[in-house]
Amino acid sequence: MSQDYDVIVIGGGHNGLVNAAYLARAGLRVVVLERRHCVGGAAVTEEIFPGFRFSVFSYVVSLLRPEIIRELDLPRHGLHILPLESTFTPLPSGDYFATWADPDETRRELYRHSPKDAEAYVDFGQLMVRMAMAVKPLLGVTPPDPTSLSPRQLRGLLTLGRHFHSLAERDLYALYKLMTMSAADFLNEWFECEPFKATKSASGVIGTFLGPRSPGTAYVLLHHYMGEIDGVFRAWGFAKGGTGGVSEAIASAARRFGAEIRTDAPVAQVMVKDGHVQGVALGDGTEIRAKTVSCSLDPRRTFLELVDARRLPEEFVAAVQRYKFRGSSAKVNLALDTLPNFTSLPGAGRHLRGSISISPSIDYLERAYDDAKYGRFSRRPYLDIVIPSMLDPGMAPPGKHVMSIFVQYAPYAVEGGWTDAQRGALGDAVIDTLAEVAPNIRSAILHAQVITPADIEQTIGLSEGNIFQGELALHQLFFLRPVPGWARYSTPIEGLYQCGSATHPGGGIMGAPGRLAALQILEESGRARAAVGGGRAPL
Amino acid sequence: MQGAAWRRWAGYVVASSYELTHDREYAAIRSTAALIDISPLQKYRIDGPDAARLLDRVITRDVSRCAVGQVLYTPWCRADGRVLEDGTVSRLEEQRFRLTSAEPNLRWLHQNATGLAVGIADESETLAALALQGPSSREILSQLVDASLDALPYFRLTPACIASCPVVVSRTGYTGDLGYEIWLHRDHAEPIWDALIEAGTPYGLVPTGLLAMDIARIEAGLLLLGVDYISARHAVIEAQTSSPFELNLGWAVSLEKPRFVGRQALFEERARGSAWALVGIEVDWDALERLYTNIGLPPQVPTVPWRTSVPLYARGRQVGYATSGCWSPLLKKSIALAHLESASARQETVEMEVTVEHRRKRALAYVRRLPFFNPQRKRA
Ligand SMILES: Cc1cc2nc3c(=O)[nH]c(=O)nc-3n(C[C@H](O)[C@H](O)[C@H](O)COP(=O)(O)OP(=O)(O)OC[C@H]3O[C@@H](n4cnc5c(N)ncnc54)[C@H](O)[C@@H]3O)c2cc1C
């Protein structure tokens, strides 16, 4: 049977695009099939209101792997990550807490709230860098299979074992604590300043259905720290043109390497015969053939919808069914006539160029989580806000602004379901929360877009609206991600691979799953040499 | 954590960065627009029937090919073909030019003007200059000038008016990005600066100092006199001098011209081959990271661009040296401009010395063609 392509990549999110770019770069004939009218998946920029461009879903970039930027020559394709330098946490008391680009300035600000914390902050930073260094080698490699005895696998395991062995004892303890404790408990051992702890622990609960006092959330804190030790030492950045700018740059690179990208091309079925993948069938019945199919959708979509589950081992299907999504986040995007004016720090200062966090205390976050536990969205949610137009004025007409508000908790399984009324009520809760610290916000709004977990699921196919294609919880990480025994991008079906955020090392605009999956596919087809090489001149 | 706030430039004091760190200023050059005071440049007006002839004698490029309204980037040399300097020549009118340079050239121009009907005026003190650089620069400037900028190609100029003051706008710059340089009388500098800031702020215009510009010019592979090469005027020994070929400027040498200072020597050099080549160097990230992780540290990169001579090796022997470099926040690469012995310039890799925790190490590095970054918008 003649093959149309060497590889079909399902889904044009940033991971699918990275995957395709690497495969095409190695000389394979690749096609990307994207269901929507545009590429990007959760990393898209769309003009929802005339003249105003929203990073509709994801909004900041931290973990995008620098080697991908270099190897795919993304700056030439328009990628530019702009520095996002501060965090501003307005408080109900009328005061605020902030962290700035200059660590000394942050230390002084912390001193204003707690002299003791100001000192602890230095030691804590040092510890976190060591922890991030300890965990970092895991990010760049394909997870070895602990149950396999092949020499290659053993070598991989040994290297990692040696690596952890080399950690100092105190660091091992700290790492153990990070792996098991809650973000709140972990931070309580160090600090007393509530807004500082709350703002930090918030990063431990983003994308999970857990509260800051839930065990295991400390680890995710670290996950978010990784970006800081990565060559650029900058925590969070904002992509020029919004997060869609990242996807567009990767798509442009992929095309340059020869990949074909088709939009409005939903895949309805992965065709399998005798345990081998044959290609895919599109929604309109068109069949496209290839011996290799690389799927960037989450495991539920891939194995329970696109593949006929009867062709899969039972325990595998059961494991996929157990894999947890539990989306808990929403988005509100605003077109603004003027900038918000915060009571605690009035004016259009530099604090509007960083992220703005509504997280005054751990109690506040935990209460927000309490609502979710009982099936409601948080009456007073945690908000993570950026104003992209402050960094890239091209996102809005001159003098106008766009605001991106990440909202937690908004449980997928909300009581009564996500009706229009419920969506409206969520939007109101978010604006009310913000108006308490920035009263002019309501009158500044020209247009509001409220996105519930159900909307996320519907628009880009993320099951239950989970932003990371599955919770970043310990039992779903590394060689357990997505399913024990199948963490190496391959699947029980010969020729079918996974390359999305549901695979190691997980979600976020990182590109690592797409890249590692491509390297795995190339290795298994004997083309590994053509793919790697950080130094190879871009083609 | 930063260099000094002020820096000396040709006897003037200029800002290294206007904020405590230069990050935002650098980002502005590549993503919005930056406004940079480049007034310390030397500027000479050259006019008269023999103006073109004088310049043709001095510079290595062919002035007869320079149309009115055109700008040439060019080096100029001593009689022995060693570079004195590089700069720009703008043809303002048929018989009227402007030469810009980093160092004084009045005496050199006079020395070469014997017997020519030409006037040479030093306008360095009276003429100010502002560089408006970055992807949004055209949008910003278009609001202020009467002239149409869409029709102004790369390395062309046009007279214009800003805030009712006469200026010359050239589509030139030292960042390798879309950008303009505005030449104006010093008395108009402040109102024009203010008008630009006012019009540009909604587009993300940021006053920008020399640190950010330095990163941009290294990415663009543009040389800095006194850093990447030494003027033959200042060299104490022959080995400190360079020819245009050795600075990757062979494209700017018109040997077809019958007469210019240094022609004979350059003619011979071209036949003989040059001793050195100027290249880009990119340090391999994995190699650099390994040097740090080997001793338990996260990798470190300099936060400000550096300008020290750093040795380059191949097969254990020093084959060249880097003269300036930086961490490119855009490219996520550690890059440098470097001189390599010609025989080594065609190699794919060399080793660069890096100091890791007080110890000298060597890291794998790639020899790259310059520039490192060359966006289409620069010429579009
Ligand atoms: C609201 C929200 C906020 C977030 N915020 C951040 C953030 O600030 N920073 C960060 O780093 N990460 C953030 N994330 C997470 C991050 O965006 C995702 O982890 C990442 O973008 C996922 O990329 P992906 O390529 O693996 O998958 P996706 O982006 O989900 O891509 C899958 C693609 O497949 C397409 N598709 C689905 N079904 C089919 C089909 N049948 N046929 C063909 N195509 C199909 C989809 O349309 C989509 O384009 C956020 C996510 C969400 C939802």
# chains A, B, ... in the order shown; residues from 1 in each chain; ligands from 1
call {"tool": "interface_residues", "arguments": {"of": "chain A", "to": "chain B", "cutoff": "6 Å", "atoms": "only C-alpha atoms", "output": "list of chain:residue names"}}
result
A:His80, A:Pro393, A:Pro398, A:Gly399
call {"tool": "closest_atom_pairs", "arguments": {"of": "chain A", "to": "ligand 1", "cutoff": "6 Å", "atoms": "only C-alpha atoms and all ligand atoms", "output": "Markdown table"}}
result
| residue | atom | partner | partner_atom_place_in_ligand_line | distance |
| --- | --- | --- | --- | --- |
| A:Ile10 | CA | ligand 1 | 43 (C) | 5.2 |
| A:Gly11 | CA | ligand 1 | 34 (O) | 3.3 |
| A:Gly12 | CA | ligand 1 | 49 (O) | 4.6 |
| A:Gly13 | CA | ligand 1 | 31 (O) | 3.4 |
| A:His14 | CA | ligand 1 | 25 (O) | 4.1 |
| A:Asn15 | CA | ligand 1 | 25 (O) | 3.6 |
| A:Gly16 | CA | ligand 1 | 25 (O) | 5.3 |
| A:Leu33 | CA | ligand 1 | 43 (C) | 5.3 |
| A:Glu34 | CA | ligand 1 | 44 (N) | 3.9 |
| A:Arg35 | CA | ligand 1 | 44 (N) | 3.9 |
| A:Arg36 | CA | ligand 1 | 47 (O) | 5.2 |
| A:Val39 | CA | ligand 1 | 49 (O) | 5.7 |
| A:Gly40 | CA | ligand 1 | 49 (O) | 5.2 |
| A:Gly41 | CA | ligand 1 | 49 (O) | 3.0 |
| A:Ala42 | CA | ligand 1 | 29 (O) | 3.8 |
| A:Ala43 | CA | ligand 1 | 21 (O) | 4.8 |
| A:Phe57 | CA | ligand 1 | 1 (C) | 3.9 |
| A:Ser58 | CA | ligand 1 | 5 (N) | 3.2 |
| A:Tyr59 | CA | ligand 1 | 8 (O) | 4.0 |
| A:Val60 | CA | ligand 1 | 8 (O) | 4.0 |
| A:Val61 | CA | ligand 1 | 11 (O) | 4.9 |
| A:Ser62 | CA | ligand 1 | 11 (O) | 5.9 |
| A:Pro266 | CA | ligand 1 | 42 (N) | 3.7 |
| A:Val267 | CA | ligand 1 | 42 (N) | 3.8 |
| A:Ala268 | CA | ligand 1 | 41 (N) | 5.7 |
| A:Ser296 | CA | ligand 1 | 32 (C) | 5.7 |
| A:Leu297 | CA | ligand 1 | 32 (C) | 5.2 |
| A:Ala330 | CA | ligand 1 | 1 (C) | 5.8 |
| A:Lys331 | CA | ligand 1 | 1 (C) | 5.5 |
| A:Ile460 | CA | ligand 1 | 47 (O) | 4.1 |
| A:Gly461 | CA | ligand 1 | 37 (C) | 4.7 |
| A:Leu462 | CA | ligand 1 | 30 (O) | 5.5 |
| A:Ile467 | CA | ligand 1 | 53 (C) | 3.9 |
| A:Phe468 | CA | ligand 1 | 19 (O) | 4.1 |
| A:Gly500 | CA | ligand 1 | 26 (O) | 3.7 |
| A:Ser501 | CA | ligand 1 | 26 (O) | 3.8 |
| A:Gly507 | CA | ligand 1 | 19 (O) | 3.7 |
| A:Gly508 | CA | ligand 1 | 12 (N) | 3.4 |
| A:Ile509 | CA | ligand 1 | 11 (O) | 3.8 |
call {"tool": "write_last_selection", "arguments": {"atoms": "C-alpha atoms", "output": "short mmCIF file (atom, residue, chain, number, x, y, z; two decimals), in the first residue's frame"}}
result
data_model
loop_
_atom_site.label_atom_id
_atom_site.label_comp_id
_atom_site.auth_asym_id
_atom_site.auth_seq_id
_atom_site.Cartn_x
_atom_site.Cartn_y
_atom_site.Cartn_z
CA ILE A 10 -2.37 14.63 15.01
CA GLY A 11 -3.00 18.03 16.55
CA GLY A 12 -1.32 21.32 15.74
CA GLY A 13 -0.71 22.48 19.31
CA HIS A 14 2.80 23.61 20.05
CA ASN A 15 3.92 20.05 20.89
CA GLY A 16 2.55 18.61 17.67
CA LEU A 33 -3.55 17.63 10.99
CA GLU A 34 -5.25 20.28 13.11
CA ARG A 35 -8.95 20.31 13.82
CA ARG A 36 -9.32 24.06 14.29
CA VAL A 39 -2.64 26.11 14.85
CA GLY A 40 -1.49 26.52 18.45
CA GLY A 41 -3.94 24.56 20.56
CA ALA A 42 -3.75 26.01 24.06
CA ALA A 43 -1.05 28.40 22.82
CA PHE A 57 -5.72 30.24 26.88
CA SER A 58 -2.10 30.06 28.05
CA TYR A 59 -0.55 33.46 28.62
CA VAL A 60 3.02 33.26 29.90
CA VAL A 61 6.05 31.22 28.88
CA SER A 62 8.59 29.84 31.25
CA PRO A 266 -10.11 16.90 12.33
CA VAL A 267 -8.98 13.33 12.74
CA ALA A 268 -11.88 10.99 13.44
CA SER A 296 -0.44 15.13 20.52
CA LEU A 297 -3.89 14.78 22.05
CA ALA A 330 -10.87 29.19 33.74
CA LYS A 331 -9.80 32.23 31.79
CA ILE A 460 -9.20 22.72 21.92
CA GLY A 461 -10.16 19.25 23.06
CA LEU A 462 -8.37 19.21 26.41
CA ILE A 467 -4.75 22.76 31.16
CA PHE A 468 -1.86 20.30 31.28
CA GLY A 500 1.64 15.91 23.73
CA SER A 501 1.66 17.38 27.21
CA GLY A 507 2.33 20.35 30.41
CA GLY A 508 3.09 23.97 29.88
CA ILE A 509 4.51 25.68 26.84
#
call {"tool": "select_by_dssp", "arguments": {"residues": "region 225-357 of chain B", "states": "alpha helix (DSSP H)", "output": "ChimeraX atom specification"}}
result
/B:263-272,285-293,342-345
call {"tool": "select_by_dssp", "arguments": {"residues": "region 276-497 of chain A", "states": "strand (DSSP E)", "output": "PyMOL selection string"}}
result
chain A and resi 276-282+287-289+292-295+329-336+355-358+382-386+401-408+445-451+496-497
call {"tool": "write_last_selection", "arguments": {"atoms": "N, CA and C atoms", "output": "compact mmCIF listing (two decimals), in the first residue's frame"}}
result
# COMPACT_ATOMS: atom_id res chain seq x y z
N HIS A 276 -0.72 -2.84 13.88
CA HIS A 276 0.11 -1.79 13.28
C HIS A 276 -0.77 -0.62 12.85
N VAL A 277 -0.23 0.58 13.05
CA VAL A 277 -0.98 1.74 12.62
C VAL A 277 -0.91 1.84 11.09
N GLN A 278 -2.00 2.26 10.48
CA GLN A 278 -2.07 2.34 9.02
C GLN A 278 -2.17 3.77 8.52
N GLY A 279 -2.62 4.66 9.41
CA GLY A 279 -2.87 6.03 8.99
C GLY A 279 -4.06 6.56 9.75
N VAL A 280 -4.69 7.60 9.22
CA VAL A 280 -5.84 8.16 9.92
C VAL A 280 -6.97 8.40 8.95
N ALA A 281 -8.17 8.51 9.51
CA ALA A 281 -9.33 8.93 8.71
C ALA A 281 -9.81 10.26 9.26
N LEU A 282 -10.05 11.21 8.37
CA LEU A 282 -10.53 12.53 8.80
C LEU A 282 -12.03 12.50 9.00
N GLU A 287 -9.05 9.34 3.88
CA GLU A 287 -8.04 8.53 4.57
C GLU A 287 -6.65 9.00 4.18
N ILE A 288 -5.79 9.11 5.15
CA ILE A 288 -4.40 9.48 4.88
C ILE A 288 -3.52 8.39 5.46
N ARG A 289 -2.59 7.90 4.65
CA ARG A 289 -1.81 6.74 5.09
C ARG A 289 -0.40 7.10 5.50
N THR A 292 3.71 5.71 10.45
CA THR A 292 3.89 6.26 11.78
C THR A 292 2.88 7.38 12.01
N VAL A 293 2.21 7.32 13.15
CA VAL A 293 1.29 8.39 13.54
C VAL A 293 1.71 8.87 14.92
N SER A 294 1.88 10.19 15.04
CA SER A 294 2.31 10.77 16.30
C SER A 294 1.17 11.66 16.79
N CYS A 295 0.64 11.32 17.95
CA CYS A 295 -0.59 12.00 18.38
C CYS A 295 -0.32 12.91 19.58
N SER A 329 -9.50 25.17 36.08
CA SER A 329 -9.11 26.54 35.79
C SER A 329 -9.99 27.15 34.71
N ALA A 330 -10.12 28.46 34.76
CA ALA A 330 -10.87 29.19 33.74
C ALA A 330 -10.03 30.39 33.31
N LYS A 331 -10.50 31.04 32.29
CA LYS A 331 -9.80 32.23 31.79
C LYS A 331 -10.81 33.34 31.59
N VAL A 332 -10.43 34.56 31.93
CA VAL A 332 -11.21 35.73 31.55
C VAL A 332 -10.27 36.67 30.81
N ASN A 333 -10.63 37.01 29.58
CA ASN A 333 -9.81 37.93 28.80
C ASN A 333 -10.57 39.23 28.60
N LEU A 334 -9.90 40.34 28.89
CA LEU A 334 -10.57 41.63 28.82
C LEU A 334 -9.92 42.54 27.80
N ALA A 335 -10.75 43.26 27.05
CA ALA A 335 -10.29 44.40 26.26
C ALA A 335 -10.55 45.63 27.10
N LEU A 336 -9.52 46.43 27.33
CA LEU A 336 -9.64 47.55 28.26
C LEU A 336 -9.43 48.89 27.56
N SER A 355 3.48 40.15 36.50
CA SER A 355 2.20 39.49 36.75
C SER A 355 1.59 40.07 38.02
N ILE A 356 0.28 40.00 38.05
CA ILE A 356 -0.48 40.56 39.16
C ILE A 356 -1.25 39.38 39.75
N SER A 357 -1.06 39.15 41.03
CA SER A 357 -1.60 37.94 41.62
C SER A 357 -2.59 38.28 42.72
N ILE A 358 -3.80 37.75 42.61
CA ILE A 358 -4.76 37.93 43.69
C ILE A 358 -4.66 36.69 44.56
N TYR A 382 -8.62 32.64 43.10
CA TYR A 382 -7.22 33.04 42.87
C TYR A 382 -7.12 33.52 41.42
N LEU A 383 -6.50 34.70 41.24
CA LEU A 383 -6.34 35.23 39.88
C LEU A 383 -4.86 35.45 39.59
N ASP A 384 -4.44 35.04 38.41
CA ASP A 384 -3.09 35.35 37.94
C ASP A 384 -3.26 36.19 36.68
N ILE A 385 -2.85 37.45 36.79
CA ILE A 385 -3.20 38.43 35.75
C ILE A 385 -1.94 38.94 35.06
N VAL A 386 -2.00 39.07 33.75
CA VAL A 386 -0.97 39.84 33.04
C VAL A 386 -1.65 40.80 32.08
N HIS A 401 -5.63 48.48 26.02
CA HIS A 401 -4.95 47.34 26.62
C HIS A 401 -5.76 46.05 26.59
N VAL A 402 -5.04 44.95 26.70
CA VAL A 402 -5.69 43.65 26.91
C VAL A 402 -5.22 43.09 28.23
N MET A 403 -6.12 42.42 28.91
CA MET A 403 -5.78 41.82 30.19
C MET A 403 -6.14 40.34 30.15
N SER A 404 -5.20 39.52 30.62
CA SER A 404 -5.42 38.09 30.65
C SER A 404 -5.54 37.67 32.10
N ILE A 405 -6.65 37.05 32.46
CA ILE A 405 -6.86 36.64 33.85
C ILE A 405 -7.04 35.13 33.90
N PHE A 406 -6.09 34.48 34.55
CA PHE A 406 -6.20 33.04 34.78
C PHE A 406 -6.92 32.85 36.11
N VAL A 407 -7.93 31.98 36.11
CA VAL A 407 -8.82 31.88 37.25
C VAL A 407 -8.81 30.47 37.82
N GLN A 408 -8.68 30.40 39.13
CA GLN A 408 -8.80 29.10 39.77
C GLN A 408 -9.51 29.32 41.13
N ILE A 445 -13.80 48.17 31.05
CA ILE A 445 -13.96 46.99 30.19
C ILE A 445 -14.75 47.31 28.91
N LEU A 446 -14.12 47.02 27.77
CA LEU A 446 -14.80 47.18 26.49
C LEU A 446 -15.42 45.87 26.05
N HIS A 447 -14.75 44.79 26.42
CA HIS A 447 -15.25 43.47 26.04
C HIS A 447 -14.67 42.43 26.98
N ALA A 448 -15.48 41.46 27.35
CA ALA A 448 -14.98 40.39 28.22
C ALA A 448 -15.26 39.03 27.59
N GLN A 449 -14.26 38.18 27.63
CA GLN A 449 -14.41 36.81 27.15
C GLN A 449 -14.20 35.89 28.35
N VAL A 450 -15.22 35.10 28.69
CA VAL A 450 -15.11 34.19 29.83
C VAL A 450 -15.03 32.77 29.30
N ILE A 451 -13.99 32.06 29.72
CA ILE A 451 -13.77 30.70 29.21
C ILE A 451 -13.80 29.72 30.37
N LEU A 496 2.26 3.85 16.50
CA LEU A 496 1.51 4.97 17.07
C LEU A 496 2.27 5.51 18.28
N TYR A 497 2.52 6.81 18.24
CA TYR A 497 3.27 7.46 19.32
C TYR A 497 2.43 8.58 19.94
call {"tool": "atom_distance", "arguments": {"atom1": "CA of His234 (chain B)", "atom2": "CA of Leu247 (chain B)"}}
result
16.8 Å
call {"tool": "residues_around", "arguments": {"residues": "region 153-160 of chain B", "least_positions_apart": "3", "cutoff": "10 Å", "atoms": "only C-alpha atoms", "output": "PyMOL selection string"}}
result
chain B and resi 67-73+88+90-92+144-150+164-173+178-183+377-380
call {"tool": "residues_around", "arguments": {"residues": "Phe97 (chain B)", "least_positions_apart": "5", "cutoff": "9 Å", "atoms": "only C-alpha atoms", "output": "ChimeraX atom specification"}}
result
/B:44-47,51-52,55,89-92
call {"tool": "closest_residue", "arguments": {"among": "B:Gly273, B:Tyr174, B:Ser254, B:Ala322", "to": "Ser64 (chain B)", "atoms": "only C-alpha atoms"}}
result
B:Ser254
call {"tool": "atom_distance", "arguments": {"atom1": "CA of Thr208 (chain A)", "atom2": "CA of Gly470 (chain A)"}}
result
8.6 Å
call {"tool": "residues_around", "arguments": {"residues": "Gly511 (chain A)", "least_positions_apart": "2", "cutoff": "8 Å", "atoms": "only C-alpha atoms", "output": "number ranges by chain"}}
result
A: 14-15, 18, 64-65, 68, 509, 513-515
call {"tool": "decode", "arguments": {"residues": "region 450-469 of chain A", "atoms": "C-alpha atoms", "output": "short mmCIF file (atom, residue, chain, number, x, y, z; two decimals), in the first residue's frame"}}
result
data_model
loop_
_atom_site.label_atom_id
_atom_site.label_comp_id
_atom_site.auth_asym_id
_atom_site.auth_seq_id
_atom_site.Cartn_x
_atom_site.Cartn_y
_atom_site.Cartn_z
CA VAL A 450 -15.11 34.19 29.83
CA ILE A 451 -13.77 30.70 29.21
CA THR A 452 -14.91 27.84 31.45
CA PRO A 453 -13.25 24.40 31.65
CA ALA A 454 -16.09 23.15 29.48
CA ASP A 455 -15.23 25.80 26.88
CA ILE A 456 -11.57 24.76 27.03
CA GLU A 457 -12.56 21.16 26.42
CA GLN A 458 -14.87 22.09 23.59
CA THR A 459 -12.56 24.48 21.80
CA ILE A 460 -9.20 22.72 21.92
CA GLY A 461 -10.16 19.25 23.06
CA LEU A 462 -8.37 19.21 26.41
CA SER A 463 -10.34 16.58 28.34
CA GLU A 464 -12.26 18.07 31.25
CA GLY A 465 -10.50 21.32 30.47
CA ASN A 466 -7.34 20.25 32.27
CA ILE A 467 -4.75 22.76 31.16
CA PHE A 468 -1.86 20.30 31.28
CA GLN A 469 -3.56 17.36 29.50
#
